[in-house]
Structure formats: C-alpha cells, structure tokens
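Here the structure comes first, spelled out in structure tokens, and everything after it is commentary.
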Amino acid sequence: MIDLRLLREDPDRVRASQRARGEDVALVDALLSADERRRSSGVRFDELRSEQKSLGKLIPKATGDEKTELLKKAGELSAAVKAADAEKDEADQEAKQLLLRLGNLVHPDVPVGGEEDFAVLAKHGTIRDFAAEGFEPRDHLELGEALGAIDVERAAKVSGSRFYYLTGVGALLELALVNAAIAQATAAGFTPMLTPALVRPRAMEGTGFLGQAAEDVYHLEKDDFYLVGTSEVPLAAYHMDEIIEADKLPLRYAGFSPCFRREAGTYGKDTRGIFRVHQFDKVEMFSYVEPQDAEAEHQRLLDWEIQWLQSLELPFQVIDVASADLGSSASRKFDCEAWIPTQGKYRELTSTSNCTEFQARRLSVRMREGKKVQPLATLNGTLCAVPRTIVAILENHQQADGSVRVPEVLRPYLGGRETLDPQ
C-alpha cells in the first residue's frame, strides 16, 4: 500500500497514477474522505475517553445527589465512548479496505498506456534467417514431440488442457535450466530457496495478487489456502512482521517453486504447446533493499536477467512496460521478450518489478537504522520461467535435421550433450 501521508500531501500525484493505470480515480477521494473520518472519529474517541477517566476520579469522592448525577453522566458517557469506538473502528476498516484497492504509485518515467504502449529499451542477439539457411522452422511442440521431450496429449487426458509432461530429454532440459539458473544466482550472491506453494490469504493479499489479478489465482476454499502463481509471494512474506537491521541489507533470495495460474481471460490464446499453461516451474529472484537503493537494484535485477538470456544465446528485446500493464504492486517493470521464430514476434520470458515500499507496508516488513524504523523496498525478477524458456531454446536453436543445439551454459548439466536429437 502507499503511504497515507503522501496521499494527504499530494493527492493529485496519486490521482495521476491511478489515471495512468486505467484505474478508478474516484477511489482517491473516497480514501481521503474515509481517512478524514478515521482521524476525526479517533480524536472524538480520545476526548471522550479522557473525559470518562476524569469523571471516574470524581465519583468515589462524591456523595448524595451529586454522586447520583455523576453516575448518570458516567453511564451516558460510557455509551458515547462505545459508540465513538465503534465509529472509529468502522472508519479505520473502511480506510484500510480502500487503501488495499489502491495501486502503487507509477514511476514518472513509465510510458503511459496499455499493453501495446511499451517502450523498447534495447535489443540483444541476432534473429536467424531460416529461409537463408534453407529450411522452414518447426514450432516447439513439433520439435518437442520429435525429441521425445514434450507430451501434451497424455497431459490433457490426465489433467485437461494447458498441462504437459516433460519427458526424457525434456525433463533433463528443465533440470539443466534450473541448475544453471540457480548457479548464476548463487554466484551473484543470492541465497537459494525452495518455497511453499500454498500460502495463507495475508501473504497473497500482501503481495498484491488479490486485487486485479485475483481471477488468475487458484483458491482452496476448504482450507483457505492459495496456490502461488510465483515464488515472489512466499519470498515477499518470508520476513512478514519483522524488523531487519539496515546493515543486513540487501537481502537477496533465489526461489525455485511450482507456479499455478488459472489463465483466466486467455481462452483461445497460446493453446498450442507449453507457452501458456496452468502449472510450471520457475526460478525467481527477490530483493529486500533500502528504499533509496530500489532503482539501482531494479537495474541490477534486469542486468542479471540479460546475463541469463545472453548465456542461453537467445535473441531478445528489453521493454519498459506501460502503466496500465504494470500490475498493482509494481511502480515500474521491465520485461525481456525472446524472439519466437514460428510466431514471428517477441514474447515475454522474464520480468522484473520495482515494488518500492508497497508490499513491505502491506506485509509489515521494516528496516531499522539507528532509532529510525521504516518500511523497506522489495523487488522481484524472473530468472527462468521453465516452459517458455524451453519454447525459446527449441525454436531458436533448432537445426534442419530436427535436432536442437544445446547452449554451452547448459551442457555441463546435460552430461556434455551438444545437441538434443530426434528419437
């Protein structure tokens, strides 16, 4: 959540942020009104409680009619205190609920607009000219089936659409990717983490996934658990309700977990193969830093993603995601999109978001420097979303005979294989 003091001092900035997101601007005024009621009802409650305490000191000393009158007044005051307390709690709850609906403040450099209004920041690698090489590229599913690496038909029989088996070299390729990604993250100073896939509502809400993204989340109603769509959730909640000493920062974690997404609203999109699925594995980077270091950390996370994709020898572009496509927690987000030959376009492979103090306020993660205690900043970045990375590797490194060249960074994790060959 944002800082209420900032809302009071500069509501126009918050309105502009909501407008850029394409979100309800009226929410700002509703929150300002609720905040004013919360504060005024709190003042009234404090005044009545003070009066009640003063009266309580007079009653034991009074006698006769005076005591009777004081007791009558005490009863009236008690009812007024209870009413003021209820009003204060109601206003406080209303303000909290409205605050949870408000997105993070959009960074001033973010391009304004929708999904297609991103700005391209850089391009890396060379897109292959398959026509010049003399063959038509096959898509990842055709390649994967020929390699004995992907089986979606049996997955559909067992689990339904948008599920898959990775078999043989497909399974080995996932393990190679995960191990190589964790090796890079560990070398960069990240602590490897295996995280829970089931979390309580507060963890999911605290990271901002029960707002506009709620329809994409799996909820186990009987147990009131949520299946995470990314290990960002358990990593953000790892230090929930804690105060971290400033000299311990930055804290960097690399989480490996299964991820679950309903993919609501994507009916008919990317249904072939394993590009858009309900369950997949991912290595996620997560950082806790001092607020003033958040922008620099965001660039570091992007640099680590670029390093990873370059090591996989993939052509890709880096984009500055537009305001209405940020997600509620992100102030700014950079995506790395790999070229997918059979689609003839770049598609998202990694994403890194600067969430500033937004998640930390919701999860009560604070830092202490001397006597000062304040929220810190959190950031996240995909290192390797496995199935999409496999899609990019198969399509970009395929050869005319149906084999796939293995990037050098993965060969030590694949027993030295230089190619994946059709069965």
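Labeling convention for the structure tokens: chains A, B, ... as they appear, residues from 1 per chain, ligands from 1 in order of appearance.
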**OP:** Would you mind listing what lies within 12 Å of Thr191 in chain A as a PyMOL selection string, with only C-alpha atoms counted and same-chain residues fewer than 4 positions away left out?
**Re:** chain A and resi 182-187+235+250-256+283-287
Taking only residues of range 181-297 of chain A that have an atom at most 10 Å from an atom of range 327-346 of chain A, what is each one's shortest atom pair and its distance in Å to one decimal, using only C-alpha atoms, in chain and number order, as a tab-separated table?
residue	atom	partner	partner_atom	distance
A:Gly206	CA	A:Ser329	CA	9.4
A:Thr207	CA	A:Ser329	CA	7.0
A:Gly208	CA	A:Ser329	CA	5.6
A:Phe209	CA	A:Ser328	CA	8.0
A:Leu210	CA	A:Ser328	CA	9.7
A:Gly211	CA	A:Ser328	CA	7.4
A:Gln212	CA	A:Ser328	CA	7.2
A:Ala213	CA	A:Gly327	CA	7.7
A:Glu295	CA	A:Arg332	CA	9.3
Can I get the selected residues back with all heavy atoms, as a short mmCIF file (atom, residue, chain, number, x, y, z; two decimals), in the first residue's frame?
data_model
loop_
_atom_site.label_atom_id
_atom_site.label_comp_id
_atom_site.auth_asym_id
_atom_site.auth_seq_id
_atom_site.Cartn_x
_atom_site.Cartn_y
_atom_site.Cartn_z
N GLY A 206 -1.01 -9.47 0.69
CA GLY A 206 0.09 -8.55 0.98
C GLY A 206 0.98 -8.27 -0.21
O GLY A 206 1.56 -7.19 -0.31
N THR A 207 1.08 -9.23 -1.12
CA THR A 207 1.91 -9.03 -2.30
C THR A 207 1.14 -8.40 -3.45
O THR A 207 1.71 -8.10 -4.49
CB THR A 207 2.54 -10.36 -2.75
OG1 THR A 207 1.57 -11.40 -2.65
CG2 THR A 207 3.73 -10.71 -1.89
N GLY A 208 -0.17 -8.22 -3.26
CA GLY A 208 -0.98 -7.52 -4.26
C GLY A 208 -1.64 -8.41 -5.29
O GLY A 208 -2.11 -7.93 -6.32
N PHE A 209 -1.74 -9.72 -5.02
CA PHE A 209 -2.30 -10.64 -6.01
C PHE A 209 -3.78 -10.94 -5.82
O PHE A 209 -4.33 -11.76 -6.53
CB PHE A 209 -1.51 -11.95 -6.03
CG PHE A 209 -0.16 -11.83 -6.69
CD1 PHE A 209 0.98 -11.59 -5.95
CD2 PHE A 209 -0.04 -11.93 -8.06
CE1 PHE A 209 2.22 -11.46 -6.56
CE2 PHE A 209 1.19 -11.81 -8.68
CZ PHE A 209 2.32 -11.57 -7.94
N LEU A 210 -4.41 -10.28 -4.84
CA LEU A 210 -5.85 -10.50 -4.66
C LEU A 210 -6.65 -9.29 -5.11
O LEU A 210 -7.81 -9.13 -4.78
CB LEU A 210 -6.17 -10.84 -3.20
CG LEU A 210 -5.64 -12.19 -2.72
CD1 LEU A 210 -6.15 -12.51 -1.34
CD2 LEU A 210 -6.02 -13.31 -3.69
N GLY A 211 -6.01 -8.41 -5.88
CA GLY A 211 -6.71 -7.27 -6.46
C GLY A 211 -7.11 -7.61 -7.88
O GLY A 211 -7.90 -8.53 -8.12
N GLN A 212 -6.52 -6.91 -8.85
CA GLN A 212 -6.88 -7.11 -10.24
C GLN A 212 -6.48 -8.49 -10.75
O GLN A 212 -7.01 -8.97 -11.75
CB GLN A 212 -6.22 -6.02 -11.10
CG GLN A 212 -4.72 -6.07 -11.11
CD GLN A 212 -4.10 -4.83 -11.74
OE1 GLN A 212 -3.44 -4.07 -11.10
NE2 GLN A 212 -4.32 -4.64 -13.02
N ALA A 213 -5.52 -9.15 -10.06
CA ALA A 213 -5.05 -10.47 -10.51
C ALA A 213 -5.78 -11.62 -9.84
O ALA A 213 -5.47 -12.78 -10.07
CB ALA A 213 -3.55 -10.60 -10.24
N GLU A 295 15.87 1.73 -7.12
CA GLU A 295 16.03 1.89 -8.57
C GLU A 295 17.32 1.24 -9.06
O GLU A 295 17.35 0.60 -10.13
CB GLU A 295 15.98 3.37 -8.96
CG GLU A 295 14.58 3.95 -8.87
CD GLU A 295 14.43 5.26 -9.63
OE1 GLU A 295 15.00 5.37 -10.74
OE2 GLU A 295 13.75 6.16 -9.12
#
Subject >> Spatial neighbours of Trp304 in chain A, 10 Å, only C-alpha atoms, chain gap at least 4 places, as a ChimeraX atom specification >> reply: /A:184-185,188,285,299-300,308-310,381-383
Subject >> Residue nearest Ser364 in chain A - candidates A:His239, A:Arg13, A:Arg37, A:Lys88, atoms counted: only C-alpha atoms >> reply: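 Closest to Ser364 in chain A of all the choices is A:His239.
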Original post:
Got a sec to tell me which of range 18-142 of chain A DSSP assigns to helix (DSSP H, G or I), as a ChimeraX atom specification?
Top reply: /A:18-21,26-61,64-101,130-133,140-142
Original post:
Which residues in range 160-326 of chain A does DSSP call strand (DSSP E)? List them as a PyMOL selection string.
Top reply: chain A and resi 165-166+191-194+198-199+218-220+225-227+243-245+251-260+279-289+316-320
**OP:** Tell me which of A:Ala246, A:Ala324, A:Cys259, A:Ser231 sits closest to Tyr218 in chain A, counting only C-alpha atoms.
**Re:** A:Cys259
Identify, on the basis of only C-alpha atoms, every residue whose closest approach to Val14 in chain A does not exceed 12 Å; exclude the query and any residue fewer than 2 positions from it along the same chain; express the result as a tab-separated table (two decimals) with all heavy atoms, in the first residue's frame.
chain	number	residue	atom	x	y	z
A	1	MET	N	0.84	-1.18	0.00
A	1	MET	CA	0.00	0.00	0.00
A	1	MET	C	0.88	1.24	0.00
A	1	MET	O	2.06	1.18	0.35
A	1	MET	CB	-0.93	0.00	1.22
A	1	MET	CG	-0.20	0.03	2.56
A	1	MET	SD	-1.31	-0.09	3.96
A	1	MET	CE	-1.83	-1.80	3.85
A	2	ILE	N	0.31	2.35	-0.40
A	2	ILE	CA	1.08	3.58	-0.43
A	2	ILE	C	1.05	4.24	0.94
A	2	ILE	O	0.26	3.87	1.81
A	2	ILE	CB	0.55	4.55	-1.51
A	2	ILE	CG1	-0.84	5.07	-1.13
A	2	ILE	CG2	0.53	3.89	-2.88
A	2	ILE	CD1	-1.29	6.24	-1.97
A	3	ASP	N	1.88	5.25	1.14
A	3	ASP	CA	1.96	5.99	2.38
A	3	ASP	C	0.78	6.97	2.44
A	3	ASP	O	0.62	7.82	1.55
A	3	ASP	CB	3.29	6.75	2.44
A	3	ASP	CG	3.53	7.42	3.78
A	3	ASP	OD1	2.60	7.49	4.60
A	3	ASP	OD2	4.67	7.88	4.00
A	4	LEU	N	-0.04	6.86	3.49
A	4	LEU	CA	-1.21	7.75	3.62
A	4	LEU	C	-0.79	9.21	3.71
A	4	LEU	O	-1.53	10.11	3.27
A	4	LEU	CB	-2.04	7.35	4.84
A	4	LEU	CG	-3.20	6.39	4.57
A	4	LEU	CD1	-3.86	5.99	5.88
A	4	LEU	CD2	-4.21	7.01	3.63
A	5	ARG	N	0.36	9.48	4.28
A	5	ARG	CA	0.81	10.88	4.39
A	5	ARG	C	1.04	11.46	3.00
A	5	ARG	O	0.72	12.63	2.75
A	5	ARG	CB	2.11	10.96	5.21
A	5	ARG	CG	1.91	10.73	6.70
A	5	ARG	CD	3.23	10.74	7.42
A	5	ARG	NE	4.11	9.67	6.93
A	5	ARG	CZ	5.35	9.47	7.37
A	5	ARG	NH1	5.87	10.26	8.29
A	5	ARG	NH2	6.08	8.47	6.89
A	6	LEU	N	1.57	10.67	2.10
A	6	LEU	CA	1.77	11.13	0.73
A	6	LEU	C	0.42	11.42	0.08
A	6	LEU	O	0.27	12.41	-0.66
A	6	LEU	CB	2.54	10.09	-0.05
A	6	LEU	CG	3.02	10.48	-1.45
A	6	LEU	CD1	4.31	9.76	-1.78
A	6	LEU	CD2	1.98	10.19	-2.52
A	7	LEU	N	-0.56	10.57	0.34
A	7	LEU	CA	-1.90	10.77	-0.22
A	7	LEU	C	-2.49	12.11	0.25
A	7	LEU	O	-3.06	12.86	-0.54
A	7	LEU	CB	-2.81	9.62	0.20
A	7	LEU	CG	-4.28	9.74	-0.23
A	7	LEU	CD1	-4.41	9.53	-1.73
A	7	LEU	CD2	-5.14	8.72	0.52
A	8	ARG	N	-2.33	12.39	1.56
A	8	ARG	CA	-2.87	13.65	2.10
A	8	ARG	C	-2.14	14.85	1.53
A	8	ARG	O	-2.75	15.88	1.23
A	8	ARG	CB	-2.75	13.66	3.63
A	8	ARG	CG	-3.56	12.59	4.34
A	8	ARG	CD	-3.26	12.61	5.84
A	8	ARG	NE	-3.66	11.36	6.47
A	8	ARG	CZ	-2.88	10.66	7.29
A	8	ARG	NH1	-1.65	11.09	7.58
A	8	ARG	NH2	-3.32	9.54	7.82
A	9	GLU	N	-0.81	14.74	1.41
A	9	GLU	CA	0.00	15.89	0.99
A	9	GLU	C	-0.03	16.13	-0.51
A	9	GLU	O	0.06	17.28	-0.96
A	9	GLU	CB	1.45	15.68	1.44
A	9	GLU	CG	1.63	15.68	2.95
A	9	GLU	CD	3.00	15.16	3.38
A	9	GLU	OE1	3.84	14.88	2.49
A	9	GLU	OE2	3.23	15.02	4.60
A	10	ASP	N	-0.18	15.07	-1.31
A	10	ASP	CA	-0.13	15.23	-2.76
A	10	ASP	C	-1.14	14.31	-3.44
A	10	ASP	O	-0.77	13.41	-4.20
A	10	ASP	CB	1.30	14.93	-3.26
A	10	ASP	CG	1.53	15.41	-4.69
A	10	ASP	OD1	0.58	15.91	-5.30
A	10	ASP	OD2	2.67	15.26	-5.18
A	11	PRO	N	-2.44	14.54	-3.19
A	11	PRO	CA	-3.45	13.65	-3.79
A	11	PRO	C	-3.46	13.68	-5.31
A	11	PRO	O	-3.81	12.69	-5.95
A	11	PRO	CB	-4.77	14.18	-3.21
A	11	PRO	CG	-4.48	15.59	-2.79
A	11	PRO	CD	-3.05	15.60	-2.38
A	12	ASP	N	-3.04	14.80	-5.91
A	12	ASP	CA	-3.03	14.89	-7.37
A	12	ASP	C	-2.05	13.89	-7.99
A	12	ASP	O	-2.29	13.35	-9.06
A	12	ASP	CB	-2.68	16.31	-7.82
A	12	ASP	CG	-3.85	17.27	-7.65
A	12	ASP	OD1	-4.99	16.78	-7.52
A	12	ASP	OD2	-3.62	18.49	-7.63
A	16	ALA	N	-3.11	11.03	-10.59
A	16	ALA	CA	-2.44	10.87	-11.88
A	16	ALA	C	-1.96	9.43	-12.06
A	16	ALA	O	-2.03	8.87	-13.16
A	16	ALA	CB	-1.26	11.84	-11.97
A	17	SER	N	-1.48	8.82	-10.98
A	17	SER	CA	-1.02	7.43	-11.04
A	17	SER	C	-2.18	6.49	-11.36
A	17	SER	O	-2.06	5.60	-12.20
A	17	SER	CB	-0.36	7.05	-9.71
A	17	SER	OG	0.04	5.70	-9.72
A	18	GLN	N	-3.30	6.70	-10.68
A	18	GLN	CA	-4.48	5.87	-10.93
A	18	GLN	C	-4.95	6.03	-12.37
A	18	GLN	O	-5.32	5.06	-13.03
A	18	GLN	CB	-5.61	6.27	-9.98
A	18	GLN	CG	-5.46	5.74	-8.56
A	18	GLN	CD	-5.64	4.24	-8.48
A	18	GLN	OE1	-4.67	3.49	-8.49
A	18	GLN	NE2	-6.88	3.80	-8.41
A	19	ARG	N	-4.93	7.27	-12.86
A	19	ARG	CA	-5.35	7.55	-14.23
A	19	ARG	C	-4.44	6.83	-15.23
A	19	ARG	O	-4.90	6.24	-16.21
A	19	ARG	CB	-5.34	9.06	-14.46
A	19	ARG	CG	-6.12	9.53	-15.69
A	19	ARG	CD	-6.18	11.04	-15.75
A	19	ARG	NE	-6.96	11.59	-14.65
A	19	ARG	CZ	-6.44	12.34	-13.67
A	19	ARG	NH1	-5.15	12.62	-13.66
A	19	ARG	NH2	-7.22	12.79	-12.69
A	20	ALA	N	-3.13	6.87	-14.97
A	20	ALA	CA	-2.16	6.21	-15.85
A	20	ALA	C	-2.37	4.70	-15.87
A	20	ALA	O	-2.18	4.04	-16.90
A	20	ALA	CB	-0.74	6.53	-15.40
A	21	ARG	N	-2.78	4.15	-14.74
A	21	ARG	CA	-3.03	2.72	-14.65
A	21	ARG	C	-4.35	2.32	-15.32
A	21	ARG	O	-4.62	1.13	-15.51
A	21	ARG	CB	-3.09	2.28	-13.18
A	21	ARG	CG	-1.74	2.25	-12.48
A	21	ARG	CD	-1.90	1.81	-11.01
A	21	ARG	NE	-0.61	1.58	-10.41
A	21	ARG	CZ	0.11	0.47	-10.54
A	21	ARG	NH1	-0.38	-0.52	-11.26
A	21	ARG	NH2	1.28	0.34	-9.96
A	23	GLU	N	-7.11	2.92	-13.76
A	23	GLU	CA	-7.88	2.52	-12.59
A	23	GLU	C	-8.80	3.66	-12.14
A	23	GLU	O	-8.70	4.80	-12.62
A	23	GLU	CB	-6.95	2.11	-11.45
A	23	GLU	CG	-6.05	0.92	-11.76
A	23	GLU	CD	-6.80	-0.39	-11.84
A	23	GLU	OE1	-7.87	-0.50	-11.20
A	23	GLU	OE2	-6.33	-1.30	-12.56
A	24	ASP	N	-9.67	3.38	-11.17
A	24	ASP	CA	-10.68	4.31	-10.68
A	24	ASP	C	-10.04	5.48	-9.92
A	24	ASP	O	-9.51	5.30	-8.83
A	24	ASP	CB	-11.65	3.56	-9.78
A	24	ASP	CG	-12.82	4.41	-9.31
A	24	ASP	OD1	-12.96	5.54	-9.82
A	24	ASP	OD2	-13.58	3.95	-8.45
A	25	VAL	N	-10.11	6.68	-10.49
A	25	VAL	CA	-9.55	7.86	-9.84
A	25	VAL	C	-10.39	8.28	-8.64
A	25	VAL	O	-9.87	8.82	-7.66
A	25	VAL	CB	-9.43	9.02	-10.86
A	25	VAL	CG1	-8.90	10.29	-10.19
A	25	VAL	CG2	-8.52	8.62	-12.02
A	26	ALA	N	-11.70	8.00	-8.69
A	26	ALA	CA	-12.59	8.37	-7.58
A	26	ALA	C	-12.19	7.67	-6.28
A	26	ALA	O	-12.56	8.13	-5.19
A	26	ALA	CB	-14.03	8.04	-7.94
A	27	LEU	N	-11.47	6.57	-6.40
A	27	LEU	CA	-11.01	5.85	-5.21
A	27	LEU	C	-10.14	6.74	-4.33
A	27	LEU	O	-10.16	6.62	-3.10
A	27	LEU	CB	-10.23	4.60	-5.66
A	27	LEU	CG	-9.68	3.67	-4.58
A	27	LEU	CD1	-10.81	3.10	-3.73
A	27	LEU	CD2	-8.90	2.53	-5.22
A	28	VAL	N	-9.39	7.64	-4.93
A	28	VAL	CA	-8.51	8.54	-4.17
A	28	VAL	C	-9.33	9.43	-3.25
A	28	VAL	O	-9.02	9.57	-2.07
A	28	VAL	CB	-7.65	9.40	-5.13
A	28	VAL	CG1	-6.80	10.39	-4.35
A	28	VAL	CG2	-6.78	8.51	-6.01
A	29	ASP	N	-10.40	10.04	-3.79
A	29	ASP	CA	-11.23	10.91	-2.97
A	29	ASP	C	-12.01	10.14	-1.91
A	29	ASP	O	-12.20	10.62	-0.80
A	29	ASP	CB	-12.18	11.71	-3.86
A	29	ASP	CG	-11.42	12.68	-4.77
A	29	ASP	OD1	-10.66	13.50	-4.23
A	29	ASP	OD2	-11.57	12.58	-5.99
A	31	LEU	N	-10.94	7.49	-0.44
A	31	LEU	CA	-9.97	7.17	0.60
A	31	LEU	C	-9.64	8.39	1.45
A	31	LEU	O	-9.52	8.29	2.68
A	31	LEU	CB	-8.70	6.60	-0.04
A	31	LEU	CG	-7.56	6.21	0.90
A	31	LEU	CD1	-8.03	5.28	2.01
A	31	LEU	CD2	-6.42	5.56	0.12
A	32	LEU	N	-9.51	9.54	0.83
A	32	LEU	CA	-9.26	10.78	1.58
A	32	LEU	C	-10.39	11.05	2.56
A	32	LEU	O	-10.16	11.43	3.72
A	32	LEU	CB	-9.10	11.97	0.62
A	32	LEU	CG	-7.77	12.10	-0.11
A	32	LEU	CD1	-7.88	13.14	-1.21
A	32	LEU	CD2	-6.65	12.46	0.87
A	99	LEU	N	-7.57	1.50	0.93
A	99	LEU	CA	-6.13	1.60	0.71
A	99	LEU	C	-5.60	0.36	0.01
A	99	LEU	O	-4.71	0.45	-0.85
A	99	LEU	CB	-5.42	1.82	2.05
A	99	LEU	CG	-3.93	2.18	2.00
A	99	LEU	CD1	-3.69	3.44	1.17
A	99	LEU	CD2	-3.39	2.39	3.43
A	102	LEU	N	-5.91	0.45	-3.78
A	102	LEU	CA	-5.14	1.46	-4.50
A	102	LEU	C	-3.81	0.87	-4.97
A	102	LEU	O	-3.08	0.26	-4.19
A	102	LEU	CB	-4.89	2.65	-3.57
A	102	LEU	CG	-4.57	4.01	-4.20
A	102	LEU	CD1	-5.75	4.50	-5.03
A	102	LEU	CD2	-4.25	5.01	-3.09
A	103	GLY	N	-3.48	1.04	-6.24
A	103	GLY	CA	-2.24	0.53	-6.78
A	103	GLY	C	-1.04	1.35	-6.35
A	103	GLY	O	-1.18	2.48	-5.84
A	104	ASN	N	0.15	0.80	-6.55
A	104	ASN	CA	1.38	1.52	-6.24
A	104	ASN	C	1.51	2.75	-7.16
A	104	ASN	O	0.93	2.79	-8.25
A	104	ASN	CB	2.59	0.59	-6.45
A	104	ASN	CG	3.84	1.08	-5.74
A	104	ASN	OD1	3.85	2.15	-5.13
A	104	ASN	ND2	4.89	0.28	-5.79
A	105	LEU	N	2.27	3.73	-6.69
A	105	LEU	CA	2.48	4.93	-7.50
A	105	LEU	C	3.35	4.59	-8.71
A	105	LEU	O	4.43	4.02	-8.57
A	105	LEU	CB	3.15	6.02	-6.67
A	105	LEU	CG	2.29	6.67	-5.59
A	105	LEU	CD1	3.12	7.68	-4.81
A	105	LEU	CD2	1.08	7.35	-6.20
A	106	VAL	N	2.87	4.95	-9.89
A	106	VAL	CA	3.59	4.68	-11.13
A	106	VAL	C	4.83	5.59	-11.20
A	106	VAL	O	4.75	6.79	-10.96
A	106	VAL	CB	2.68	4.92	-12.34
A	106	VAL	CG1	3.46	4.77	-13.64
A	106	VAL	CG2	1.50	3.95	-12.31
A	107	HIS	N	5.97	4.99	-11.54
A	107	HIS	CA	7.21	5.76	-11.69
A	107	HIS	C	7.03	6.79	-12.81
A	107	HIS	O	6.42	6.49	-13.85
A	107	HIS	CB	8.36	4.80	-12.04
A	107	HIS	CG	9.71	5.41	-12.02
A	107	HIS	ND1	10.17	6.23	-13.03
A	107	HIS	CD2	10.72	5.34	-11.10
A	107	HIS	CE1	11.39	6.64	-12.75
A	107	HIS	NE2	11.75	6.11	-11.58
A	108	PRO	N	7.54	8.01	-12.64
A	108	PRO	CA	7.33	9.06	-13.66
A	108	PRO	C	7.88	8.74	-15.04
A	108	PRO	O	7.43	9.32	-16.03
A	108	PRO	CB	8.03	10.29	-13.05
A	108	PRO	CG	8.92	9.76	-11.97
A	108	PRO	CD	8.26	8.53	-11.47
Original post:
Looking at A:Val289, A:Ala95, A:Ala400, A:Ala385, which one is nearest to Asn354 in chain A, with distances taken over only C-alpha atoms?
Top reply: A:Val289
Subject >> Neighbour list for Glu418 in chain A as a count of residues only, cut-off 9 Å, only C-alpha atoms, skip fewer than 2 positions in-chain >> reply: 9
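Note that CA of Val110 in chain A and CA of Pro387 in chain A are 28.8 Å apart.
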